[in-house]
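K.L.:
One structure, as structure tokens, below. Some questions next.
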Amino acid sequence: MKHVFVGAGVVGLLSGGLVVASGGSAMAKSDLTLSAAHKVIHRGQPLHLAGSVGDDAGLRRTRFCLQVRDAGHWSQLGKCVEPYRADGWTAVFGFDTRLLTRGKYSFRAVGVGLRHKKHVIYGPSPTVHVTVR
């Protein structure tokens, strides 16, 4: 979960007295989630991953990318998708993939800008683990 802290403070000295003024602080929060329809699947079986994002400061235009952990680093799997349902505060998106090799996989989602995939706006989501038999 990302947190953004916005605050202002002023300290001054007037006529030998100390004056402290502080603006109110606000916390803008966003939350990105990802879940798998099944935690254990058979090789070649379709896997559906569903995600959602919420932003109490207003949702930004974003595409969502699925990443898989491979050899110690995260790499993108397939194309980034736009949400299939969105309002001003939340969005829902999904990924469908097939895993052809047995093993344990770790997935996460990131929300990126429309123009630049390297500009992460939301995420990464918590990791989702799937076993392929």
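Starting from 1 in every chain, residues are counted up; chains themselves are A, B, ... following the order of the structure tokens, and ligands are numbered from 1 as listed.
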Neighbouring residues of stretch 109-116 of chain A were defined as those with any atom within 12 Å, considering only C-alpha atoms; residues of the same chain fewer than 5 positions away were excluded. Please report them as a ChimeraX atom specification.
P.N.:
/A:1,30-36,49-55,59-69,74-83,91-95,121-128
K.L.:
Kindly give the distance, in Å, that separates atom CA of A:Lys104 and atom CA of A:His129, rounded to a single decimal.
P.N.:
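Between atom CA of A:Lys104 and atom CA of A:His129 the gap works out to 7.1 Å.
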K.L.:
When distances are computed from only C-alpha atoms, which of A:His48, A:Arg85, A:His38, A:Arg43 shows the smallest separation from A:Thr97?
P.N.:
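With only C-alpha atoms as the atom set, the closest residue is A:His48.
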K.L.:
Could you find all residues in stretch 41-75 of chain A that DSSP calls strand (DSSP E) from the backbone, and write them as a list in words?
P.N.:
Ile41, Pro46, Leu47, His48, Leu49, Ala50, Gly51, Ser52, Val53, Gly54, Asp55, Arg63, Phe64, Cys65, Leu66, Gln67, Val68, Arg69, Asp70, His73, Trp74 and Ser75 of chain A
K.L.:
Please, what distance in Å, to one decimal, runs between atom CA of A:Ala37 and atom CA of A:Gly88?
P.N.:
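About the pair atom CA of A:Ala37 and atom CA of A:Gly88: they are 26.4 Å apart.
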K.L.:
A:His119, A:Pro46, A:Val132, A:Gly58: which is nearest A:Lys29, counting only C-alpha atoms?
P.N.:
A:Gly58
